[in-house]
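Following: one structure in structure tokens, then a few remarks.
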Amino acid sequence: MIIRRADSREPADCALWAEMLARLHGGTAAEFAMEVPGWFTLDEPMLCWLAFTGNGQPIGMIDARKRNYAEDAPNLVAAYVEDLWVEPAHRGQGVARALLGAVEAWARNAGLDWLGSDTAPDNAASRAFHRAAGFTEIEELVVFGKPLV
């Protein structure tokens, strides 16, 4: 398995990232492809790592960024996993753990001492993965909103 950071100057990397985001969140790769380039230029850019088989087949991605706040972070500032996707045929083979390791190494090198992440309360598989990877559940959150029109 090969894990490498996506290159913002490589359209193929941005396209792979967008394709995997569409599989994770629904929608189309084209919709995400319009957003991805801008994420590299944020004040705290979103970074992406891609996973490939030894023969170059894309099998997963993780993206993360530095946030000014993460629940329970000792210094408030923390690295934060925003998205994680592994192709179903490659799950349970250490791909997600390897991707997470790349983010942890980046965060440590950036001087950060906390890694946050989240998932939907009903996503049992994600919750189990996070616990197995050393995360502790901090809180469960229900988000509300209403239009003001």
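Residues in the structure tokens are numbered from 1 in each chain, the chains being A, B, ... in the order shown, and ligands are numbered from 1 in the order shown.
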
- Message: List as a ChimeraX atom specification the protein and nucleic acid residues near segment 11-20 of chain A, meaning an atom at most 9 Å away when only C-alpha atoms are counted, but skip any in the same chain fewer than 5 places from it.
- Response: /A:6,25,28-37,48-50,58-63,84-87

- Would you please give, as a ChimeraX atom specification, all residues of chain A that DSSP assigns to strand (DSSP E) based on the backbone? /A:2-5,47-52,58-67,78-86,115-116

Suppose we keep N, CA, C and O atoms; can you now write the selection as a CSV table (one decimal), in the first residue's frame?
```csv
chain,number,residue,atom,x,y,z
A,2,ILE,N,0.4,2.2,-0.7
A,2,ILE,CA,1.2,3.5,-0.8
A,2,ILE,C,0.2,4.6,-0.3
A,2,ILE,O,-0.9,4.7,-0.7
A,3,ILE,N,0.7,5.4,0.6
A,3,ILE,CA,0.0,6.6,1.1
A,3,ILE,C,0.8,7.8,0.8
A,3,ILE,O,2.0,7.8,1.0
A,4,ARG,N,0.2,8.7,0.1
A,4,ARG,CA,0.9,10.0,-0.2
A,4,ARG,C,-0.1,11.2,-0.1
A,4,ARG,O,-1.3,11.0,-0.3
A,5,ARG,N,0.5,12.3,0.2
A,5,ARG,CA,-0.3,13.5,0.3
A,5,ARG,C,-0.7,14.0,-1.1
A,5,ARG,O,0.1,14.0,-2.1
A,47,LEU,N,-6.0,19.4,4.0
A,47,LEU,CA,-4.9,18.6,3.4
A,47,LEU,C,-5.5,17.2,3.2
A,47,LEU,O,-6.4,16.8,3.9
A,48,CYS,N,-5.1,16.5,2.1
A,48,CYS,CA,-5.6,15.2,1.8
A,48,CYS,C,-4.5,14.2,1.6
A,48,CYS,O,-3.5,14.6,1.0
A,49,TRP,N,-4.7,13.0,2.1
A,49,TRP,CA,-3.8,11.9,1.8
A,49,TRP,C,-4.6,10.8,1.0
A,49,TRP,O,-5.7,10.6,1.4
A,50,LEU,N,-3.9,10.3,0.0
A,50,LEU,CA,-4.6,9.2,-0.8
A,50,LEU,C,-3.9,7.9,-0.6
A,50,LEU,O,-2.6,7.9,-0.4
A,51,ALA,N,-4.7,6.8,-0.6
A,51,ALA,CA,-4.1,5.5,-0.4
A,51,ALA,C,-4.3,4.7,-1.8
A,51,ALA,O,-5.3,4.9,-2.4
A,52,PHE,N,-3.2,4.0,-2.1
A,52,PHE,CA,-3.2,3.2,-3.4
A,52,PHE,C,-2.7,1.8,-3.1
A,52,PHE,O,-1.9,1.6,-2.2
A,58,PRO,N,-6.5,3.5,-6.7
A,58,PRO,CA,-6.9,4.3,-5.5
A,58,PRO,C,-7.9,3.5,-4.6
A,58,PRO,O,-8.8,2.9,-5.1
A,59,ILE,N,-7.6,3.5,-3.3
A,59,ILE,CA,-8.5,2.7,-2.4
A,59,ILE,C,-8.9,3.5,-1.2
A,59,ILE,O,-9.7,2.9,-0.4
A,60,GLY,N,-8.5,4.7,-1.0
A,60,GLY,CA,-8.9,5.4,0.2
A,60,GLY,C,-8.4,6.8,0.2
A,60,GLY,O,-7.5,7.2,-0.5
A,61,MET,N,-9.0,7.6,1.1
A,61,MET,CA,-8.5,9.0,1.3
A,61,MET,C,-8.9,9.4,2.8
A,61,MET,O,-9.8,8.9,3.4
A,62,ILE,N,-8.1,10.4,3.2
A,62,ILE,CA,-8.4,11.1,4.5
A,62,ILE,C,-8.1,12.5,4.3
A,62,ILE,O,-7.1,12.8,3.6
A,63,ASP,N,-8.9,13.4,4.8
A,63,ASP,CA,-8.5,14.8,4.8
A,63,ASP,C,-8.6,15.4,6.2
A,63,ASP,O,-9.3,14.9,7.0
A,64,ALA,N,-7.8,16.4,6.4
A,64,ALA,CA,-7.7,16.9,7.8
A,64,ALA,C,-7.2,18.4,7.6
A,64,ALA,O,-6.7,18.8,6.6
A,65,ARG,N,-7.4,19.1,8.7
A,65,ARG,CA,-6.9,20.5,8.8
A,65,ARG,C,-6.7,20.9,10.2
A,65,ARG,O,-7.1,20.2,11.1
A,66,LYS,N,-6.0,22.0,10.4
A,66,LYS,CA,-5.8,22.6,11.7
A,66,LYS,C,-7.0,23.4,12.0
A,66,LYS,O,-7.5,24.2,11.2
A,67,ARG,N,-7.6,23.2,13.2
A,67,ARG,CA,-8.8,23.9,13.7
A,67,ARG,C,-8.4,24.7,14.9
A,67,ARG,O,-7.5,24.3,15.7
A,78,ALA,N,-6.1,22.3,17.4
A,78,ALA,CA,-5.9,20.8,17.1
A,78,ALA,C,-6.0,20.5,15.7
A,78,ALA,O,-6.5,21.2,14.8
A,79,ALA,N,-5.4,19.4,15.3
A,79,ALA,CA,-5.6,18.8,14.0
A,79,ALA,C,-7.0,18.1,14.1
A,79,ALA,O,-7.4,17.6,15.1
A,80,TYR,N,-7.7,18.1,12.9
A,80,TYR,CA,-9.0,17.5,12.9
A,80,TYR,C,-9.2,16.7,11.6
A,80,TYR,O,-9.0,17.3,10.5
A,81,VAL,N,-9.6,15.5,11.8
A,81,VAL,CA,-10.0,14.7,10.6
A,81,VAL,C,-11.4,15.1,10.2
A,81,VAL,O,-12.3,15.0,10.9
A,82,GLU,N,-11.5,15.5,8.9
A,82,GLU,CA,-12.8,15.9,8.4
A,82,GLU,C,-13.5,14.8,7.7
A,82,GLU,O,-14.7,14.6,7.8
A,83,ASP,N,-12.8,14.0,6.9
A,83,ASP,CA,-13.3,12.9,6.1
A,83,ASP,C,-12.4,11.8,6.0
A,83,ASP,O,-11.2,12.0,6.0
A,84,LEU,N,-12.9,10.6,6.0
A,84,LEU,CA,-12.1,9.3,5.8
A,84,LEU,C,-13.0,8.4,5.0
A,84,LEU,O,-14.1,8.1,5.4
A,85,TRP,N,-12.4,7.8,4.0
A,85,TRP,CA,-13.1,6.9,3.1
A,85,TRP,C,-12.2,5.8,2.6
A,85,TRP,O,-11.0,6.1,2.2
A,86,VAL,N,-12.6,4.6,2.7
A,86,VAL,CA,-11.9,3.4,2.2
A,86,VAL,C,-12.9,2.7,1.3
A,86,VAL,O,-14.0,2.4,1.7
A,115,LEU,N,-5.7,15.4,18.3
A,115,LEU,CA,-6.3,15.1,17.0
A,115,LEU,C,-7.8,14.8,17.3
A,115,LEU,O,-8.1,13.9,18.1
A,116,GLY,N,-8.7,15.6,16.7
A,116,GLY,CA,-10.1,15.4,16.8
A,116,GLY,C,-10.7,14.8,15.6
A,116,GLY,O,-10.1,14.8,14.5
```

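Distances from A:Gly27, A:Gly92, A:Pro147, A:Gly111 to Phe129 of chain A were compared using only C-alpha atoms, and the smallest one belongs to A:Gly92.
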
- Query: Counting only C-alpha atoms, what is within 9 Å of Ala120 of chain A, bar same-chain residues fewer than 5 positions away, as a PyMOL selection string?
  - Reply: chain A and resi 126-127+140-141

Would you output that residue set with N, CA, C and O atoms, as a short mmCIF file (atom, residue, chain, number, x, y, z; two decimals), in the first residue's frame?
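Printed below is again.cif as written:
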```cif
data_model
loop_
_atom_site.label_atom_id
_atom_site.label_comp_id
_atom_site.auth_asym_id
_atom_site.auth_seq_id
_atom_site.Cartn_x
_atom_site.Cartn_y
_atom_site.Cartn_z
N SER A 126 -17.95 3.49 12.24
CA SER A 126 -16.99 4.58 12.44
C SER A 126 -16.66 4.74 13.92
O SER A 126 -15.49 4.94 14.27
N ARG A 127 -17.64 4.62 14.77
CA ARG A 127 -17.38 4.74 16.20
C ARG A 127 -16.43 3.63 16.66
O ARG A 127 -15.50 3.88 17.43
N GLU A 140 -21.76 13.52 22.39
CA GLU A 140 -22.67 13.22 21.29
C GLU A 140 -23.47 14.49 21.05
O GLU A 140 -23.95 15.11 21.99
N LEU A 141 -23.61 14.90 19.81
CA LEU A 141 -24.16 16.20 19.49
C LEU A 141 -25.31 16.06 18.51
O LEU A 141 -25.22 15.32 17.54
#
```
